[in-house]
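coords10.cif, holding mmCIF, C-alpha atoms:
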data_structure
#
loop_
_atom_site.label_atom_id
_atom_site.label_comp_id
_atom_site.auth_asym_id
_atom_site.auth_seq_id
_atom_site.Cartn_x
_atom_site.Cartn_y
_atom_site.Cartn_z
CA MET A 1 -62.07 -48.37 132.15
CA ASP A 2 -61.85 -51.28 129.75
CA ILE A 3 -64.91 -53.26 128.72
CA ILE A 4 -64.26 -56.90 127.91
CA VAL A 5 -66.65 -59.18 126.06
CA PRO A 6 -65.69 -62.86 126.37
CA PHE A 7 -66.40 -64.81 123.20
CA SER A 8 -68.78 -67.23 124.98
CA ILE A 9 -70.82 -64.27 126.25
CA ARG A 10 -70.68 -62.57 122.84
CA LYS A 11 -72.14 -65.72 121.28
CA ARG A 12 -74.79 -66.26 123.97
CA GLU A 13 -75.87 -62.66 124.61
CA LEU A 14 -75.12 -60.84 121.35
CA GLY A 15 -75.62 -63.49 118.68
CA GLY A 16 -71.87 -63.67 118.00
CA VAL A 17 -71.34 -60.01 117.05
CA VAL A 18 -70.97 -56.88 119.18
CA SER A 19 -73.41 -54.53 117.46
CA ASP A 20 -72.95 -50.82 116.92
CA GLU A 21 -75.77 -50.36 119.44
CA ALA A 22 -73.76 -52.24 122.10
CA LYS A 23 -70.58 -50.34 121.24
CA LYS A 24 -72.42 -47.02 121.75
CA ILE A 25 -73.60 -48.18 125.16
CA PHE A 26 -70.05 -49.25 126.07
CA GLU A 27 -68.66 -45.84 125.07
CA LYS A 28 -71.29 -43.99 127.07
CA LEU A 29 -70.59 -46.20 130.08
CA LYS A 30 -66.85 -45.59 129.82
CA GLU A 31 -67.51 -41.84 129.80
CA LYS A 32 -69.98 -42.05 132.71
CA PRO A 33 -69.44 -45.20 134.83
CA GLN A 34 -71.78 -43.71 137.43
CA LEU A 35 -74.66 -44.74 135.13
CA ALA A 36 -74.19 -48.29 136.44
CA VAL A 37 -75.87 -49.50 139.62
CA THR A 38 -73.80 -51.78 141.87
CA ILE A 39 -75.77 -54.87 142.89
CA SER A 40 -75.04 -57.71 145.28
CA ALA A 41 -74.80 -61.44 144.68
CA LYS A 42 -74.05 -64.37 146.95
CA GLY A 43 -70.73 -66.15 146.63
CA LEU A 44 -68.78 -63.53 144.67
CA PRO A 45 -65.03 -63.61 145.25
CA GLU A 46 -63.47 -60.88 147.37
CA ARG A 47 -62.99 -57.54 145.55
CA THR A 48 -65.54 -58.51 142.88
CA THR A 49 -68.56 -56.33 142.13
CA LEU A 50 -71.52 -56.56 139.79
CA HIS A 51 -72.77 -53.54 137.87
CA LYS A 52 -76.20 -53.28 136.22
CA VAL A 53 -76.75 -50.77 133.41
CA TYR A 54 -80.10 -49.60 132.07
CA ALA A 55 -79.93 -48.41 128.46
CA THR A 56 -82.45 -47.08 125.98
CA THR A 57 -81.77 -47.77 122.32
CA PRO A 58 -83.73 -47.19 119.10
CA ASP A 59 -84.68 -50.89 119.28
CA GLY A 60 -85.94 -50.70 122.88
CA ALA A 61 -84.79 -50.88 126.47
CA ARG A 62 -81.72 -52.97 127.34
CA ARG A 63 -80.31 -54.34 130.57
CA LEU A 64 -76.60 -55.08 130.83
CA LEU A 65 -74.69 -56.73 133.64
CA PHE A 66 -70.93 -56.58 134.14
CA PHE A 67 -68.59 -57.95 136.74
CA CYS A 68 -65.41 -56.25 137.84
CA ARG A 69 -62.55 -57.80 139.76
CA HIS A 70 -60.85 -54.91 141.54
CA ALA A 71 -57.10 -54.74 142.11
CA PRO A 72 -56.01 -55.10 145.73
CA ALA A 73 -55.55 -51.82 147.57
CA PRO A 74 -51.98 -50.50 147.33
CA MET A 75 -49.83 -51.08 150.38
CA PRO A 76 -48.94 -48.00 152.43
CA PRO A 77 -45.41 -46.71 151.68
CA ASN A 78 -43.84 -47.93 154.94
CA SER A 79 -45.66 -51.25 155.23
CA CYS A 80 -42.85 -53.46 153.89
CA ARG A 81 -40.87 -55.61 156.25
CA GLY A 82 -38.03 -53.66 157.69
CA LYS A 83 -37.88 -49.94 158.17
CA ARG A 84 -36.20 -48.96 154.90
CA LYS A 85 -38.02 -46.11 153.18
CA SER A 86 -38.53 -46.35 149.45
CA ALA A 87 -37.96 -43.37 147.18
CA LEU A 88 -40.22 -44.90 144.51
CA PRO A 89 -43.85 -43.81 144.36
CA PRO A 90 -46.46 -46.55 144.62
CA ALA A 91 -47.31 -48.29 141.35
CA PRO A 92 -50.47 -46.94 139.69
CA LEU A 93 -53.55 -49.14 139.86
CA PRO A 94 -54.46 -50.88 136.59
CA PRO A 95 -57.60 -49.61 134.86
CA GLU A 96 -60.87 -51.18 135.91
CA ARG A 97 -61.96 -53.95 133.59
CA TRP A 98 -65.66 -54.58 133.35
CA VAL A 99 -66.59 -57.94 131.86
CA LEU A 100 -69.97 -58.28 130.15
CA LEU A 101 -72.19 -61.06 131.50
CA PHE A 102 -75.66 -60.11 130.19
CA TYR A 103 -77.01 -58.00 127.35
CA ARG A 104 -80.77 -58.41 127.48
CA ASP A 105 -83.99 -56.81 126.34
CA LYS A 106 -86.16 -55.46 129.10
CA GLY A 107 -88.88 -57.99 128.19
CA ASP A 108 -86.53 -60.98 128.67
CA GLU A 109 -87.07 -63.17 131.77
CA VAL A 110 -83.62 -62.17 133.06
CA GLY A 111 -83.65 -58.61 131.73
CA ASP A 112 -86.93 -57.84 133.51
CA ASN A 113 -85.50 -58.57 136.95
CA MET A 114 -81.74 -58.83 137.44
CA SER A 115 -81.85 -59.60 141.13
CA PRO A 116 -81.35 -62.59 143.43
CA LYS A 117 -85.15 -62.83 143.73
CA ASN A 118 -85.34 -64.04 140.11
CA PRO A 119 -84.46 -67.77 139.80
CA ALA A 120 -83.81 -67.45 136.04
CA TYR A 121 -81.29 -64.67 136.72
CA GLU A 122 -79.54 -66.62 139.47
CA ASP A 123 -79.22 -69.75 137.31
CA GLN A 124 -77.93 -67.91 134.24
CA LEU A 125 -75.63 -65.63 136.25
CA GLY A 126 -73.71 -68.66 137.53
CA ARG A 127 -73.35 -70.16 134.05
CA ASN A 128 -72.35 -66.90 132.37
CA LEU A 129 -69.86 -66.08 135.10
CA VAL A 130 -68.16 -69.48 134.76
CA GLN A 131 -68.01 -69.19 130.96
CA ALA A 132 -66.65 -65.64 131.12
CA VAL A 133 -63.91 -66.59 133.59
CA GLN A 134 -62.94 -69.60 131.46
CA ASP A 135 -62.57 -67.33 128.41
CA LEU A 136 -60.54 -64.80 130.41
CA GLN A 137 -58.20 -67.51 131.66
CA ALA A 138 -57.72 -69.01 128.18
CA ASP A 139 -57.23 -65.62 126.47
CA THR A 140 -53.79 -65.18 124.88
CA PRO A 141 -52.45 -62.92 122.12
CA LYS A 142 -52.16 -65.94 119.79
CA ASN A 143 -55.55 -67.37 120.76
CA PRO A 144 -57.85 -64.50 121.76
CA ARG A 145 -60.98 -65.45 123.70
CA CYS A 146 -62.17 -61.89 124.44
CA GLU A 147 -62.88 -58.65 122.66
CA ARG A 148 -61.86 -55.35 124.31
CA PHE A 149 -63.52 -51.96 124.04
#

Could the structure of this file be written out as structure tokens, please?
Amino acid sequence: MDIIVPFSIRKRELGGVVSDEAKKIFEKLKEKPQLAVTISAKGLPERTTLHKVYATTPDGARRLLFFCRHAPAPMPPNSCRGKRKSALPPAPLPPERWVLLFYRDKGDEVGDNMSPKNPAYEDQLGRNLVQAVQDLQADTPKNPRCERF
């Protein structure tokens, strides 16, 4: 699993710098992705999921939210047009890439309740998702717009 922090989210959610505290949470999540809870949201594109993470740090409780755009399922070996069998094995799936959307304190109006029932969460989720996707689309080796962990 790769964790991606778009620069706009880094600025908005982390004050412009990914702290050591955040990096520790990312490493723990990469080791144990089952720590995240999958949550629903209206209007997400197909194959996209949201993952909420509860973390305890020396500075207090944190709530993180990631989105993941999953690769399409591989096609069965004999699903190509025509009946020719391929000797090549199917291509491996790329690693999951989780993109940070929120990094909040538990006492924050969004961090307290990351659910569709919270209007503050719904409003900020839309804005952060748009900003994150814009950074991902503009990201190039010469002009990076994301940090990877």

### Message
Around (-67.4, -57.9, 125.5), as given in the file, which residues come within 8 Å? Count all atoms listed in the file and list them as a ChimeraX atom specification.
### Response
/A:3-7,9-10,18,99-100,146-149

### Query
What lies within 12 Å of Lys32 (chain A) using only C-alpha atoms, ignoring chain neighbours under 6 positions off, as a PyMOL selection string?
chain A and resi 1+25-26+53

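The interatomic distance for the pair CA of Lys24 (chain A) and CA of Leu101 (chain A) works out to 17.1 Å.
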
### Query
Mind listing as a ChimeraX atom specification all residues within 6 Å of (-76.2, -55.4, 138.4), counting only C-alpha atoms?
/A:38-39,50-52,65

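Interatomic distance, CA of Lys42 (chain A) against CA of Ala132 (chain A): 17.5 Å.
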
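Distance annotation: of A:Arg97, A:Arg127, A:Arg62, A:Lys117, the residue with the minimal separation from Glu21 (chain A) is A:Arg62; atom set is all atoms listed in the file.
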
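Residue nearest Glu31 (chain A) within the list A:Thr48, A:Gln137, A:Asp2, A:Ala55: A:Asp2 [criterion: smallest interatomic distance, all atoms listed in the file].
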
How big is the axis-aligned box around the listed atoms of region 94-97 of chain A once 6 Å is added on each side, and where is its centre? Give both in Å to one decimal, as JSON.
{"center_x": -58.2, "center_y": -51.8, "center_z": 135.1, "size_x": 19.5, "size_y": 16.3, "size_z": 15.0}

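Using only C-alpha atoms, the nearest neighbour of Gln131 (chain A) within the list A:Lys30, A:Tyr103, A:Arg145, A:Pro119 is A:Arg145.
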
### Task
Show which residues sit within 8 Å of Glu109 (chain A), as a ChimeraX atom specification. Count all atoms listed in the file, and ignore same-chain residues fewer than 3 positions away.
/A:112-113,120-121

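Among the candidates A:Phe66, A:Gly126, A:Arg104, A:Ala138, the one nearest to Pro33 (chain A) when counting all atoms listed in the file is A:Phe66.
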
### Message
Applying 9 Å and only C-alpha atoms, which residues near Tyr54 (chain A) remain after dropping the ones on its own chain fewer than 3 positions away? List them as a PyMOL selection string.
### Response
chain A and resi 35-37+61-64+106

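Minimum atom-to-atom distances from A:Phe67, A:Asn118, A:Val17, A:Asp108 to Val130 (chain A) were compared using all atoms listed in the file, and the lowest value belongs to A:Phe67.
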
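Interatomic distance, CA of Lys28 (chain A) against CA of Leu93 (chain A): 22.5 Å.
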
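With all atoms listed in the file as the atoms that count, the residue of A:Thr57, A:Pro89, A:Pro144, A:Pro45 with the shortest distance to His70 (chain A) is A:Pro45.
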
Fill-in result for region 49-64 of chain A, N, CA, C and O atoms as a PDB file, in the coordinates of the input:
ATOM      1  N   THR A  49     -67.274 -57.010 142.077  1.00  0.00           N
ATOM      2  CA  THR A  49     -68.560 -56.330 142.130  1.00  0.00           C
ATOM      3  C   THR A  49     -69.332 -56.578 140.841  1.00  0.00           C
ATOM      4  O   THR A  49     -68.755 -56.876 139.799  1.00  0.00           O
ATOM      5  N   LEU A  50     -70.643 -56.468 140.949  1.00  0.00           N
ATOM      6  CA  LEU A  50     -71.520 -56.560 139.790  1.00  0.00           C
ATOM      7  C   LEU A  50     -72.121 -55.183 139.530  1.00  0.00           C
ATOM      8  O   LEU A  50     -72.470 -54.462 140.473  1.00  0.00           O
ATOM      9  N   HIS A  51     -72.259 -54.838 138.252  1.00  0.00           N
ATOM     10  CA  HIS A  51     -72.770 -53.540 137.870  1.00  0.00           C
ATOM     11  C   HIS A  51     -73.864 -53.709 136.819  1.00  0.00           C
ATOM     12  O   HIS A  51     -73.628 -54.277 135.753  1.00  0.00           O
ATOM     13  N   LYS A  52     -75.058 -53.197 137.126  1.00  0.00           N
ATOM     14  CA  LYS A  52     -76.200 -53.280 136.220  1.00  0.00           C
ATOM     15  C   LYS A  52     -76.349 -51.929 135.518  1.00  0.00           C
ATOM     16  O   LYS A  52     -76.241 -50.876 136.142  1.00  0.00           O
ATOM     17  N   VAL A  53     -76.604 -51.981 134.215  1.00  0.00           N
ATOM     18  CA  VAL A  53     -76.750 -50.770 133.410  1.00  0.00           C
ATOM     19  C   VAL A  53     -78.096 -50.838 132.690  1.00  0.00           C
ATOM     20  O   VAL A  53     -78.424 -51.845 132.066  1.00  0.00           O
ATOM     21  N   TYR A  54     -78.847 -49.750 132.807  1.00  0.00           N
ATOM     22  CA  TYR A  54     -80.100 -49.600 132.070  1.00  0.00           C
ATOM     23  C   TYR A  54     -79.792 -48.728 130.857  1.00  0.00           C
ATOM     24  O   TYR A  54     -79.193 -47.664 130.980  1.00  0.00           O
ATOM     25  N   ALA A  55     -80.201 -49.178 129.682  1.00  0.00           N
ATOM     26  CA  ALA A  55     -79.930 -48.410 128.460  1.00  0.00           C
ATOM     27  C   ALA A  55     -81.188 -48.369 127.607  1.00  0.00           C
ATOM     28  O   ALA A  55     -81.956 -49.328 127.556  1.00  0.00           O
ATOM     29  N   THR A  56     -81.356 -47.237 126.928  1.00  0.00           N
ATOM     30  CA  THR A  56     -82.450 -47.080 125.980  1.00  0.00           C
ATOM     31  C   THR A  56     -81.831 -46.945 124.593  1.00  0.00           C
ATOM     32  O   THR A  56     -80.932 -46.136 124.385  1.00  0.00           O
ATOM     33  N   THR A  57     -82.290 -47.772 123.681  1.00  0.00           N
ATOM     34  CA  THR A  57     -81.770 -47.770 122.320  1.00  0.00           C
ATOM     35  C   THR A  57     -82.932 -47.576 121.344  1.00  0.00           C
ATOM     36  O   THR A  57     -84.099 -47.705 121.737  1.00  0.00           O
ATOM     37  N   PRO A  58     -82.639 -47.301 120.085  1.00  0.00           N
ATOM     38  CA  PRO A  58     -83.730 -47.190 119.100  1.00  0.00           C
ATOM     39  C   PRO A  58     -84.567 -48.469 118.997  1.00  0.00           C
ATOM     40  O   PRO A  58     -85.731 -48.422 118.630  1.00  0.00           O
ATOM     41  N   ASP A  59     -83.966 -49.611 119.350  1.00  0.00           N
ATOM     42  CA  ASP A  59     -84.680 -50.890 119.280  1.00  0.00           C
ATOM     43  C   ASP A  59     -85.321 -51.284 120.604  1.00  0.00           C
ATOM     44  O   ASP A  59     -85.810 -52.399 120.747  1.00  0.00           O
ATOM     45  N   GLY A  60     -85.284 -50.404 121.609  1.00  0.00           N
ATOM     46  CA  GLY A  60     -85.940 -50.700 122.880  1.00  0.00           C
ATOM     47  C   GLY A  60     -84.983 -50.653 124.065  1.00  0.00           C
ATOM     48  O   GLY A  60     -83.782 -50.405 123.926  1.00  0.00           O
ATOM     49  N   ALA A  61     -85.560 -50.921 125.224  1.00  0.00           N
ATOM     50  CA  ALA A  61     -84.790 -50.880 126.470  1.00  0.00           C
ATOM     51  C   ALA A  61     -83.885 -52.104 126.577  1.00  0.00           C
ATOM     52  O   ALA A  61     -84.252 -53.205 126.177  1.00  0.00           O
ATOM     53  N   ARG A  62     -82.695 -51.897 127.134  1.00  0.00           N
ATOM     54  CA  ARG A  62     -81.720 -52.970 127.340  1.00  0.00           C
ATOM     55  C   ARG A  62     -81.290 -52.984 128.799  1.00  0.00           C
ATOM     56  O   ARG A  62     -81.310 -51.962 129.489  1.00  0.00           O
ATOM     57  N   ARG A  63     -80.879 -54.155 129.236  1.00  0.00           N
ATOM     58  CA  ARG A  63     -80.310 -54.340 130.570  1.00  0.00           C
ATOM     59  C   ARG A  63     -78.987 -55.066 130.389  1.00  0.00           C
ATOM     60  O   ARG A  63     -78.926 -56.124 129.763  1.00  0.00           O
ATOM     61  N   LEU A  64     -77.923 -54.479 130.925  1.00  0.00           N
ATOM     62  CA  LEU A  64     -76.600 -55.080 130.830  1.00  0.00           C
ATOM     63  C   LEU A  64     -76.102 -55.369 132.232  1.00  0.00           C
ATOM     64  O   LEU A  64     -76.423 -54.643 133.181  1.00  0.00           O
TER      65      LEU A  64
END
